[in-house]
$ cat entry12.txt   # compact mmCIF, C-alpha atoms
# COMPACT_ATOMS: atom_id res chain seq x y z
CA MET G 1 -55.56 -11.04 61.44
CA SER G 2 -54.64 -7.53 60.27
CA SER G 3 -55.98 -6.08 57.06
CA TRP G 4 -52.65 -6.19 55.15
CA LEU G 5 -52.56 -10.01 55.49
CA ALA G 6 -56.03 -10.52 53.96
CA ALA G 7 -54.71 -11.03 50.45
CA ASP G 8 -52.74 -14.02 51.70
CA LYS G 9 -55.97 -15.97 52.17
CA LYS G 10 -56.92 -15.47 48.55
CA LEU G 11 -53.49 -16.35 47.11
CA ASP G 12 -53.02 -19.39 49.37
CA ARG G 13 -49.94 -20.08 51.43
CA ARG G 14 -46.82 -21.31 49.62
CA VAL G 15 -44.39 -23.83 51.02
CA VAL G 16 -41.17 -25.33 49.66
CA SER G 17 -41.09 -28.67 47.85
CA ASN G 18 -38.51 -31.47 48.04
CA ASP G 19 -36.64 -30.24 44.98
CA ASP G 20 -35.88 -26.90 46.71
CA GLU G 21 -38.45 -24.84 44.81
CA PHE G 22 -41.35 -22.79 46.17
CA VAL G 23 -44.74 -24.12 45.28
CA GLY G 24 -48.18 -22.65 45.83
CA ALA G 25 -51.16 -23.70 43.79
CA PRO G 26 -50.66 -27.11 42.16
CA GLY G 27 -47.98 -27.11 39.47
CA LYS G 28 -46.72 -23.59 40.20
CA ARG G 29 -43.05 -23.06 41.12
CA TYR G 30 -41.40 -19.78 42.13
CA MET G 31 -37.74 -19.84 43.35
CA THR G 32 -35.07 -22.21 44.63
CA ARG G 33 -33.16 -22.11 47.89
CA ASP G 34 -30.01 -23.59 49.39
CA ALA G 35 -30.25 -23.99 53.14
CA ASN G 36 -26.47 -24.45 53.48
CA THR G 37 -25.80 -20.86 52.37
CA GLN G 38 -28.73 -19.11 54.10
CA ASN G 39 -28.91 -17.34 57.39
CA LEU G 40 -32.58 -17.70 58.37
CA ARG G 41 -32.55 -15.33 61.35
CA ILE G 42 -35.21 -12.64 60.90
CA LEU G 43 -35.78 -9.57 63.08
CA VAL G 44 -39.19 -7.87 63.03
CA ILE G 45 -39.39 -4.36 64.49
CA ASP G 46 -42.93 -3.03 64.90
CA ASP G 47 -44.81 -1.47 67.81
CA ASN G 48 -47.93 -3.56 66.97
CA GLN G 49 -47.91 -6.98 68.65
CA ALA G 50 -50.47 -8.24 66.13
CA ILE G 51 -47.96 -7.63 63.34
CA HIS G 52 -45.49 -9.84 65.21
CA GLU G 53 -48.00 -12.68 65.20
CA ASP G 54 -48.73 -12.19 61.51
CA PHE G 55 -45.00 -12.53 60.68
CA ARG G 56 -44.82 -15.72 62.77
CA LYS G 57 -47.77 -17.20 60.88
CA ILE G 58 -46.07 -16.42 57.56
CA LEU G 59 -42.46 -17.28 58.32
CA GLN G 60 -42.68 -20.09 60.88
CA ALA G 61 -44.39 -23.42 60.11
CA ARG G 62 -47.06 -24.45 62.59
CA ALA G 63 -46.88 -27.78 64.31
CA GLY G 64 -50.42 -28.64 63.19
CA GLU G 65 -49.60 -28.08 59.55
CA GLU G 66 -46.49 -30.23 59.80
CA SER G 67 -48.50 -33.05 61.44
CA PHE G 68 -51.13 -32.83 58.69
CA GLU G 69 -48.51 -32.98 55.97
CA GLN G 70 -46.80 -35.95 57.56
CA ALA G 71 -50.13 -37.79 57.86
CA ARG G 72 -50.99 -37.00 54.26
CA ALA G 73 -47.56 -38.24 53.12
CA SER G 74 -48.07 -41.49 55.06
CA LEU G 75 -51.55 -41.98 53.57
CA PHE G 76 -50.77 -41.25 49.93
CA GLY G 77 -47.08 -42.18 49.86
CA ASP G 78 -45.96 -38.69 48.76
CA PRO G 79 -43.21 -36.70 50.42
CA PRO G 80 -44.57 -34.01 52.74
CA ARG G 81 -44.75 -30.62 51.08
CA SER G 82 -43.51 -28.88 54.23
CA GLN G 83 -40.29 -30.90 54.25
CA GLY G 84 -38.44 -28.22 52.32
CA LEU G 85 -39.95 -25.25 54.12
CA GLU G 86 -37.37 -22.75 55.44
CA ARG G 87 -37.45 -22.77 59.17
CA PHE G 88 -36.91 -19.09 59.81
CA GLU G 89 -35.77 -18.11 63.28
CA LEU G 90 -37.85 -15.10 64.12
CA ASP G 91 -37.29 -12.46 66.83
CA CYS G 92 -39.55 -9.48 67.37
CA ALA G 93 -39.07 -6.08 68.98
CA ASP G 94 -41.56 -3.28 69.50
CA GLN G 95 -39.03 -0.43 69.59
CA GLY G 96 -35.74 0.43 67.87
CA GLN G 97 -33.81 0.40 71.17
CA ALA G 98 -34.95 -3.16 71.92
CA ALA G 99 -34.07 -4.24 68.37
CA LEU G 100 -30.59 -2.80 68.74
CA ALA G 101 -30.09 -4.77 71.96
CA LEU G 102 -31.18 -7.99 70.22
CA MET G 103 -28.77 -7.33 67.35
CA GLN G 104 -25.84 -6.66 69.69
CA SER G 105 -26.56 -9.88 71.55
CA ALA G 106 -26.78 -11.83 68.29
CA LEU G 107 -23.48 -10.43 67.10
CA LYS G 108 -21.78 -11.40 70.35
CA GLU G 109 -23.10 -14.95 69.89
CA GLY G 110 -21.77 -15.00 66.33
CA ARG G 111 -25.27 -15.54 64.95
CA PRO G 112 -26.18 -12.26 63.20
CA TYR G 113 -29.58 -11.49 61.71
CA ALA G 114 -29.87 -11.73 57.93
CA VAL G 115 -33.04 -9.64 57.41
CA ALA G 116 -34.87 -7.01 59.39
CA PHE G 117 -38.46 -5.90 58.69
CA VAL G 118 -38.72 -2.37 60.09
CA ASP G 119 -41.88 -0.34 60.54
CA MET G 120 -41.46 3.37 59.78
CA ARG G 121 -43.54 4.74 62.68
CA MET G 122 -42.96 3.41 66.20
CA PRO G 123 -43.86 6.06 68.78
CA PRO G 124 -42.66 7.01 71.30
CA GLY G 125 -39.12 5.77 70.44
CA TRP G 126 -36.94 5.93 67.34
CA ASP G 127 -38.61 6.05 63.99
CA GLY G 128 -37.79 3.52 61.30
CA LEU G 129 -35.01 5.54 59.67
CA GLU G 130 -33.11 6.17 62.91
CA THR G 131 -33.51 2.51 63.82
CA ILE G 132 -32.06 1.43 60.45
CA GLU G 133 -29.14 3.86 60.80
CA ARG G 134 -28.28 2.53 64.25
CA LEU G 135 -28.64 -1.11 63.17
CA TRP G 136 -26.35 -0.55 60.20
CA LYS G 137 -23.74 1.00 62.46
CA GLU G 138 -23.62 -2.34 64.30
CA ASP G 139 -23.89 -4.61 61.25
CA ALA G 140 -23.52 -3.12 57.78
CA GLU G 141 -24.40 -6.47 56.15
CA LEU G 142 -27.98 -6.53 57.48
CA GLN G 143 -30.67 -6.69 54.76
CA VAL G 144 -33.53 -4.30 55.56
CA VAL G 145 -37.15 -4.17 54.40
CA ILE G 146 -39.00 -0.95 55.23
CA CYS G 147 -42.68 -1.57 55.93
CA THR G 148 -44.38 1.70 55.05
CA ALA G 149 -47.72 3.12 53.95
CA TYR G 150 -48.22 5.72 51.21
CA SER G 151 -48.62 8.38 53.89
CA ASP G 152 -45.10 7.77 55.32
CA GLN G 153 -41.94 9.58 54.29
CA PRO G 154 -41.51 9.86 50.54
CA TRP G 155 -38.62 8.05 48.79
CA ASP G 156 -36.61 11.24 48.28
CA GLU G 157 -36.44 11.77 52.01
CA LEU G 158 -35.41 8.15 52.57
CA LYS G 159 -32.71 8.41 49.96
CA GLU G 160 -31.44 11.66 51.47
CA ARG G 161 -31.21 10.13 54.93
CA ILE G 162 -29.84 6.70 54.02
CA GLY G 163 -28.45 7.15 50.52
CA ARG G 164 -28.49 4.60 47.72
CA ASN G 165 -28.09 1.14 49.23
CA ASP G 166 -28.53 -2.32 47.76
CA LYS G 167 -29.41 -3.71 51.20
CA LEU G 168 -32.65 -1.77 51.45
CA LEU G 169 -36.10 -2.64 50.01
CA ILE G 170 -39.49 -1.02 50.55
CA LEU G 171 -42.65 -3.03 51.13
CA GLN G 172 -45.81 -0.98 50.75
CA LYS G 173 -48.69 -1.55 53.10
CA PRO G 174 -51.01 -3.33 52.82
CA PHE G 175 -49.03 -6.40 51.66
CA ASN G 176 -49.70 -10.12 51.56
CA GLY G 177 -47.92 -13.12 53.01
CA ILE G 178 -46.29 -14.30 49.81
CA GLU G 179 -44.52 -10.97 49.47
CA VAL G 180 -43.14 -11.29 52.98
CA LEU G 181 -42.12 -14.91 52.43
CA GLN G 182 -40.45 -14.17 49.10
CA LEU G 183 -38.56 -11.17 50.53
CA ALA G 184 -37.41 -13.13 53.57
CA THR G 185 -36.27 -16.05 51.44
CA ALA G 186 -34.56 -13.98 48.72
CA LEU G 187 -32.82 -11.62 51.12
CA SER G 188 -31.68 -14.50 53.33
CA ARG G 189 -30.17 -16.14 50.29
CA LYS G 190 -28.62 -12.83 49.25
CA TRP G 191 -27.11 -12.43 52.73
CA GLY G 192 -25.78 -16.00 52.56
CA LEU G 193 -24.26 -15.53 49.11
CA ALA G 194 -22.74 -12.19 50.10
CA HIS G 195 -21.36 -13.76 53.27
CA LYS G 196 -19.96 -16.66 51.27
CA VAL G 197 -18.35 -14.29 48.76
CA SER G 198 -16.95 -12.25 51.66
CA GLN G 199 -15.49 -15.42 53.19
CA GLN G 200 -14.05 -16.42 49.84
CA LEU G 201 -12.59 -12.96 49.38
CA GLY G 202 -11.20 -13.13 52.90
CA GLU G 203 -9.68 -16.52 52.19
CA LEU G 204 -8.34 -15.27 48.88
CA SER G 205 -6.93 -12.21 50.63
CA ARG G 206 -5.35 -14.48 53.25
CA LEU G 207 -3.83 -16.68 50.55
CA VAL G 208 -2.57 -13.63 48.70
CA GLU G 209 -1.05 -12.25 51.90
CA GLU G 210 0.55 -15.61 52.68
CA ARG G 211 1.87 -15.90 49.14
CA THR G 212 3.06 -12.30 49.23
CA ALA G 213 4.80 -12.93 52.56
CA GLU G 214 6.32 -16.12 51.15
CA LEU G 215 7.52 -14.26 48.07
CA GLN G 216 8.85 -11.49 50.27
CA ARG G 217 10.75 -14.01 52.36
CA ALA G 218 12.06 -15.63 49.19
CA ASN G 219 13.03 -12.20 47.87
CA ASP G 220 14.78 -11.41 51.17
CA ARG G 221 16.65 -14.69 50.95
CA LEU G 222 17.58 -13.96 47.34
CA THR G 223 18.66 -10.46 48.30
CA GLN G 224 20.76 -11.85 51.12
CA THR G 225 22.21 -14.52 48.86
CA ASN G 226 22.86 -11.94 46.16
CA GLY G 227 24.60 -9.72 48.71
CA THR G 228 26.71 -12.68 49.80
CA LEU G 229 27.52 -13.48 46.18
CA MET G 230 28.40 -9.84 45.49
CA ARG G 231 30.71 -9.78 48.49
CA THR G 232 32.19 -13.07 47.34
CA VAL G 233 32.71 -11.64 43.84
CA VAL G 234 34.35 -8.56 45.31
CA ASP G 235 36.56 -10.75 47.50
CA LEU G 236 37.40 -12.94 44.51
CA GLU G 237 38.23 -9.90 42.39
CA ALA G 238 40.40 -8.53 45.18
CA ALA G 239 42.08 -11.93 45.57
CA GLN G 240 42.54 -12.17 41.81
CA ALA G 241 44.04 -8.68 41.71
CA GLU G 242 46.35 -9.60 44.59
CA ILE G 243 47.33 -12.84 42.87
CA LEU G 244 47.99 -10.92 39.65
CA ARG G 245 50.04 -8.38 41.56
CA GLN G 246 52.01 -11.11 43.26
CA ASN G 247 52.49 -12.92 39.95
CA ASN G 248 53.72 -9.71 38.37
CA GLU G 249 56.00 -9.19 41.32
CA LEU G 250 57.26 -12.75 41.08
CA GLU G 251 57.76 -12.33 37.36
CA ARG G 252 59.59 -9.08 37.97
CA LEU G 253 61.73 -10.68 40.66
CA ALA G 254 62.39 -13.65 38.40
CA SER G 255 63.37 -11.40 35.50
CA ARG G 256 65.17 -8.63 37.38
CA ASP G 257 68.57 -8.43 38.94
CA PRO G 258 68.01 -7.91 42.68
CA LEU G 259 70.93 -5.47 43.06
CA THR G 260 70.29 -3.11 40.13
CA GLY G 261 66.68 -3.70 39.08
CA CYS G 262 67.80 -4.26 35.49
CA PHE G 263 66.92 -7.41 33.55
CA ASN G 264 68.95 -10.36 34.72
CA ARG G 265 70.97 -12.22 32.11
CA ARG G 266 68.33 -14.84 31.35
CA ALA G 267 65.47 -12.37 31.01
CA TYR G 268 67.57 -9.91 29.03
CA TYR G 269 68.63 -12.57 26.57
CA GLY G 270 64.93 -13.49 26.07
CA GLN G 271 64.15 -9.84 25.23
CA PHE G 272 67.20 -9.66 22.99
CA GLU G 273 66.11 -12.75 21.04
CA LYS G 274 62.69 -11.16 20.34
CA ALA G 275 64.31 -7.92 19.17
CA PHE G 276 66.76 -9.85 16.98
CA ALA G 277 63.91 -11.85 15.37
CA GLU G 278 61.89 -8.67 14.68
CA SER G 279 64.97 -7.05 13.15
CA ARG G 280 65.41 -9.93 10.70
CA GLU G 281 61.65 -10.13 9.96
CA HIS G 282 61.19 -6.40 9.21
CA GLY G 283 64.67 -5.73 7.78
CA THR G 284 65.51 -3.13 10.43
CA GLU G 285 68.84 -2.59 12.11
CA LEU G 286 69.54 -3.65 15.72
CA CYS G 287 72.55 -2.36 17.66
CA CYS G 288 74.11 -3.92 20.75
CA LEU G 289 76.18 -2.09 23.39
CA MET G 290 78.42 -3.84 25.93
CA VAL G 291 79.39 -1.76 29.00
CA ASP G 292 82.00 -2.64 31.66
CA ILE G 293 82.92 -0.64 34.78
CA ASP G 294 86.56 0.43 34.66
CA HIS G 295 88.91 -0.68 37.47
CA PHE G 296 86.06 -2.28 39.38
CA LYS G 297 88.38 -4.68 41.20
CA ARG G 298 90.31 -1.69 42.55
CA ILE G 299 87.07 -0.17 43.92
CA ASN G 300 86.24 -3.44 45.70
CA ASP G 301 89.77 -3.80 47.06
CA GLU G 302 90.05 -0.18 48.24
CA PHE G 303 86.54 0.46 49.58
CA GLY G 304 85.03 -2.99 50.10
CA HIS G 305 82.33 -5.00 48.37
CA ALA G 306 79.51 -2.86 49.81
CA ILE G 307 80.87 0.19 48.03
CA GLY G 308 81.38 -1.99 44.97
CA ASP G 309 77.69 -2.90 45.02
CA GLN G 310 76.81 0.79 45.32
CA ALA G 311 79.04 1.54 42.34
CA ILE G 312 77.22 -1.11 40.27
CA GLN G 313 73.86 0.37 41.31
CA ALA G 314 75.01 3.89 40.43
CA VAL G 315 76.11 2.83 36.94
CA ALA G 316 72.87 0.90 36.37
CA ASN G 317 70.82 3.98 37.39
CA CYS G 318 72.73 6.21 34.98
CA LEU G 319 72.33 3.75 32.10
CA SER G 320 68.59 3.25 32.76
CA ALA G 321 67.90 6.99 33.08
CA GLU G 322 69.09 7.73 29.56
CA LEU G 323 67.32 4.88 27.74
CA ARG G 324 64.50 5.34 25.25
CA LEU G 325 61.23 3.41 25.60
CA THR G 326 62.28 0.87 22.99
CA ASP G 327 65.72 0.28 24.53
CA ALA G 328 66.59 -2.26 27.23
CA VAL G 329 69.48 -2.85 29.63
CA GLY G 330 70.48 -6.03 31.44
CA ARG G 331 73.16 -6.97 33.91
CA TYR G 332 75.25 -9.39 31.90
CA GLY G 333 77.95 -10.22 34.43
CA GLY G 334 79.47 -8.95 37.69
CA GLU G 335 80.23 -5.39 36.59
CA GLU G 336 79.19 -5.82 32.96
CA PHE G 337 75.97 -4.59 31.29
CA CYS G 338 74.45 -5.24 27.89
CA LEU G 339 72.12 -2.78 26.12
CA MET G 340 70.10 -3.11 22.91
CA PHE G 341 68.91 -0.33 20.60
CA PRO G 342 66.15 -1.60 18.26
CA ARG G 343 65.55 0.25 14.97
CA THR G 344 68.82 2.14 15.50
CA THR G 345 71.50 2.41 12.81
CA LEU G 346 75.23 2.03 13.31
CA ALA G 347 75.56 5.76 12.64
CA GLU G 348 73.13 6.61 15.49
CA ALA G 349 74.32 4.13 18.14
CA PRO G 350 77.75 5.74 18.84
CA ASN G 351 76.09 9.03 19.84
CA LEU G 352 73.79 7.19 22.26
CA ALA G 353 76.69 5.22 23.72
CA GLU G 354 78.87 8.30 24.14
CA ARG G 355 76.04 10.13 25.95
CA LEU G 356 75.67 7.20 28.34
CA ARG G 357 79.42 7.06 29.00
CA MET G 358 79.50 10.78 29.80
CA GLN G 359 76.46 10.44 32.09
CA VAL G 360 78.21 7.70 34.08
CA GLU G 361 81.44 9.69 34.34
CA ALA G 362 79.60 12.80 35.55
CA GLU G 363 77.10 11.30 38.00
CA ALA G 364 77.87 7.70 39.02
CA GLY G 365 80.63 8.61 41.51
CA GLN G 366 78.41 11.23 43.14
CA ARG G 367 75.67 8.68 43.71
CA VAL G 368 78.00 6.74 46.04
CA ARG G 369 77.66 9.19 48.95
CA THR G 370 79.71 7.23 51.46
CA VAL G 371 82.92 7.85 49.47
CA SER G 372 83.90 11.40 48.60
CA ARG G 373 85.26 12.35 45.18
CA LEU G 374 84.89 8.82 43.80
CA VAL G 375 85.19 8.73 40.01
CA ILE G 376 83.51 5.89 38.14
CA THR G 377 83.93 5.38 34.40
CA VAL G 378 82.91 2.73 31.91
CA SER G 379 84.20 1.29 28.65
CA CYS G 380 81.72 0.56 25.83
CA GLY G 381 81.69 -1.60 22.69
CA ILE G 382 79.14 -1.32 19.86
CA SER G 383 78.03 -3.80 17.23
CA SER G 384 75.18 -3.94 14.72
CA THR G 385 73.25 -6.49 12.69
CA VAL G 386 74.78 -4.95 9.53
CA PHE G 387 77.85 -7.08 10.24
CA GLY G 388 75.84 -10.20 9.45
CA ALA G 389 75.42 -11.79 12.90
CA ARG G 390 73.30 -14.91 12.45
CA THR G 391 72.30 -15.28 16.12
CA PRO G 392 71.77 -12.91 19.04
CA LEU G 393 74.75 -14.40 20.82
CA GLU G 394 76.98 -13.70 17.81
CA LEU G 395 75.88 -10.04 17.83
CA ILE G 396 76.69 -9.80 21.56
CA ASP G 397 80.11 -11.39 20.96
CA GLN G 398 80.85 -8.76 18.28
CA ALA G 399 80.00 -5.97 20.74
CA ASP G 400 82.13 -7.70 23.36
CA LYS G 401 85.13 -7.57 20.96
CA ALA G 402 84.62 -3.84 20.57
CA LEU G 403 84.47 -3.55 24.38
CA TYR G 404 87.73 -5.42 24.68
CA ALA G 405 89.26 -2.94 22.24
CA ALA G 406 87.99 -0.07 24.40
CA LYS G 407 89.68 -1.60 27.44
CA GLU G 408 92.89 -1.97 25.49
CA GLY G 409 92.52 1.56 24.17
CA GLY G 410 92.75 3.18 27.59
CA ARG G 411 89.22 2.65 29.08
CA ASN G 412 86.55 5.33 29.59
CA CYS G 413 85.78 5.36 25.93
CA VAL G 414 83.39 4.00 23.27
CA MET G 415 84.61 1.72 20.51
CA THR G 416 82.42 0.57 17.61
CA LEU G 417 82.88 -1.96 14.90
CA ASP G 418 83.38 -0.16 11.63
CA PRO G 419 82.93 -1.98 8.32
CA ILE G 420 85.52 -1.67 5.55
CA THR G 421 85.25 -3.19 2.11
CA VAL G 422 87.69 -5.93 1.16
CA GLY G 423 88.33 -5.96 -2.60
CA ALA G 424 87.59 -3.57 -5.43
CA ASN G 425 83.87 -4.28 -5.80
CA PRO G 426 81.39 -2.79 -3.34
CA SER G 427 79.56 -6.09 -3.30
CA ASP G 428 82.52 -7.76 -1.65
CA GLN G 429 82.16 -8.88 1.99
CA PHE G 430 82.60 -6.45 4.91
CA GLU G 431 85.59 -6.89 7.17
CA PRO G 432 84.70 -5.27 10.54
CA GLN G 433 87.30 -3.08 12.17
CA VAL G 434 87.25 -1.20 15.48
CA ARG G 435 86.86 2.57 15.47
CA ARG G 436 87.17 4.86 18.50
CA VAL G 437 84.17 7.14 19.06
CA THR G 438 85.32 9.01 22.18
CA PRO G 439 87.75 11.85 21.44
CA ARG G 440 91.17 11.45 23.02
CA VAL G 441 92.22 13.85 25.79
CA SER G 442 95.73 14.76 26.88
CA ASN G 443 95.19 13.87 30.55
CA PRO G 444 92.42 11.27 30.78
CA LYS G 445 90.78 10.62 34.12
CA THR G 446 91.17 6.90 33.68
CA SER G 447 94.87 7.19 34.39
CA GLN G 448 94.07 7.87 38.05
$ encode --input "entry12.txt" --output "C-alpha cells"
Amino acid sequence: MSSWLAADKKLDRRVVSNDDEFVGAPGKRYMTRDANTQNLRILVIDDNQAIHEDFRKILQARAGEESFEQARASLFGDPPRSQGLERFELDCADQGQAALALMQSALKEGRPYAVAFVDMRMPPGWDGLETIERLWKEDAELQVVICTAYSDQPWDELKERIGRNDKLLILQKPFNGIEVLQLATALSRKWGLAHKVSQQLGELSRLVEERTAELQRANDRLTQTNGTLMRTVVDLEAAQAEILRQNNELERLASRDPLTGCFNRRAYYGQFEKAFAESREHGTELCCLMVDIDHFKRINDEFGHAIGDQAIQAVANCLSAELRLTDAVGRYGGEEFCLMFPRTTLAEAPNLAERLRMQVEAEAGQRVRTVSRLVITVSCGISSTVFGARTPLELIDQADKALYAAKEGGRNCVMTLDPITVGANPSDQFEPQVRRVTPRVSNPKTSQ
C-alpha cells in the first residue's frame, strides 16, 4: 500500500451504521447520509495504478469483510455494521483524455459522476488543471478533489486558472483513508442535494411557466372578451343614438305639420298651454296673433291645389323667418296660423305683427316660382292676456275676433284688441275694442 494510506491503518477503517451515521472506533459517530439523494459514482484520475487500488480499498467494501460482518451479526444477533456502507461505484483512468471519454459515456447513459479525484501531475498527457477544465466543460456540476503535494502548483496559480469555485477541494498528500471516505461521502451528498434543488427549481420553473402561460391565455381571453364587450358597447351606443334620433324624428313628425314644418295644431296648443301657465305664474304678459291668408280659395281655384300648398309653405317660411327664439308658430287650420309672443306687451305685439305682414306681402308671392307676379297677403288679429282670458283657448278666440275684424276691414292688415275703460273710475272693467294697426292706403293691393 502506498505511503499516503499508512495513516488509515492507525485510525482504523470507518463504516456506516444502521442509523445512517458513520462509525469508527466504538461509540464514535461522524456524519449521516441519505442514499436516496446521493449519486455514488466516483471517478479517480491518476497515472499510478497503485493509487487506483488504494481508492478501491477505501471506497468499495470487500466481499470478505461483508461475509465476516454477516457471520458476526448471525452469531451475536447484532445488525451487520457494513449494512449501511455506501456502495460507491468507482471508475479509474490513468490520463485526462481517458477520464474525459468515461465522463462523456456516463453522460450519454444519463448516469453522471458525482465526484472526481484528480491527480495534479500525470505525464505525458494533460495535467490536473487542464483535465479539470475539460471535465467541467462537459459537466459543470462535477465535484472535484485535487490530490496534490506541497511541491505542486501553489493555490494562487490554481485560483488564477480555475477561479473561485465551490465545487473544488484540495486534498494534500499524504492523506489517509478516512479523509478520502469523508470527502467522497460529503461531496456525493452535496451533488445529490444540489441535483435535487436543481430539479425542484426546474419543476418550480416549469410550474411558473405553465401558470404564466395559463394566466397569459386567461388574459388573452379577457382581452378578447373585453374587445367584444367594447365593440358591443359601441354598437349599443350607436343603436341608442339611432333610436334617439329616430325618436326625435318621430316626435318631430308627430308634432310638426308635414306641409309647412310648423307645429301642428295639437303640438302648438300644448306649447301655448305651457306659455299661458308661465304667464299667469310669473305675472308676465302673453300675446297671441292669428294669421289668415287672404283670398286663398281664389288661389286654389285659379292655380290649383298644388300652387295653394306652395302658397301656404311660402307664408309659413316668412312667418318662421321673423320669429324670435321665444316665439312659436303653428298651423291652426287650412290657411290659418297661430303665433304666440311670450313676455311681450300689447304695445310691442302690433309692431311684430306688422313686420310679419309686410314680410309676407313682399316675399311670399316670389317664393312660388311657378306662378309669375303672384301677390300673397295675410290678415292678422292680436290679443293679450291683459284682457283677462282665463284659458289659452279664450285668448286664441279673442285674437280670432281681431282677425275677423281685419278681414272685414279690407284684409292685408293687422287689427288688435284695444282696451277702453267703461265708467268713470279707472278700476272699472276693460271693454276690449278693435283697433287697426296697419295704415290705410288709397289703392290697396288687396283689391286685386
$ atom_distance --input "entry12.txt" --atom1 "CA of Phe55 in chain G" --atom2 "CA of Thr148 in chain G"
15.3 Å
$ residues_near_point --input "entry12.txt" --point "(70.0, 1.3, 13.2)" --cutoff "10 Å" --atoms "all atoms listed in the file" --output "list in words"
Ser279, Thr284, Glu285, Leu286, Cys287, Phe341, Pro342, Arg343, Thr344, Thr345, Leu346, Ala347, Glu348, Ala349, Ser384, Thr385 and Val386 of chain G
$ write_last_selection --input "entry12.txt" --atoms "C-alpha atoms" --output "compact mmCIF listing (two decimals), in the coordinates of the input"
# COMPACT_ATOMS: atom_id res chain seq x y z
CA SER G 279 64.97 -7.05 13.15
CA THR G 284 65.51 -3.13 10.43
CA GLU G 285 68.84 -2.59 12.11
CA LEU G 286 69.54 -3.65 15.72
CA CYS G 287 72.55 -2.36 17.66
CA PHE G 341 68.91 -0.33 20.60
CA PRO G 342 66.15 -1.60 18.26
CA ARG G 343 65.55 0.25 14.97
CA THR G 344 68.82 2.14 15.50
CA THR G 345 71.50 2.41 12.81
CA LEU G 346 75.23 2.03 13.31
CA ALA G 347 75.56 5.76 12.64
CA GLU G 348 73.13 6.61 15.49
CA ALA G 349 74.32 4.13 18.14
CA SER G 384 75.18 -3.94 14.72
CA THR G 385 73.25 -6.49 12.69
CA VAL G 386 74.78 -4.95 9.53
$ closest_residue --input "entry12.txt" --among "G:Leu201, G:Pro439, G:Glu209, G:Phe276" --to "Met358 in chain G" --atoms "only C-alpha atoms"
G:Pro439
$ atom_distance --input "entry12.txt" --atom1 "CA of Pro432 in chain G" --atom2 "CA of Leu417 in chain G"
5.8 Å
$ atom_distance --input "entry12.txt" --atom1 "CA of Ala328 in chain G" --atom2 "CA of Tyr404 in chain G"
21.5 Å
$ closest_residue --input "entry12.txt" --among "G:Ala306, G:Leu135, G:Val291, G:Val315" --to "Ala406 in chain G" --atoms "all atoms listed in the file"
G:Val291
$ closest_residue --input "entry12.txt" --among "G:Asp54, G:Arg217, G:Asp46, G:Ala186" --to "Thr131 in chain G" --atoms "all atoms listed in the file"
G:Asp46
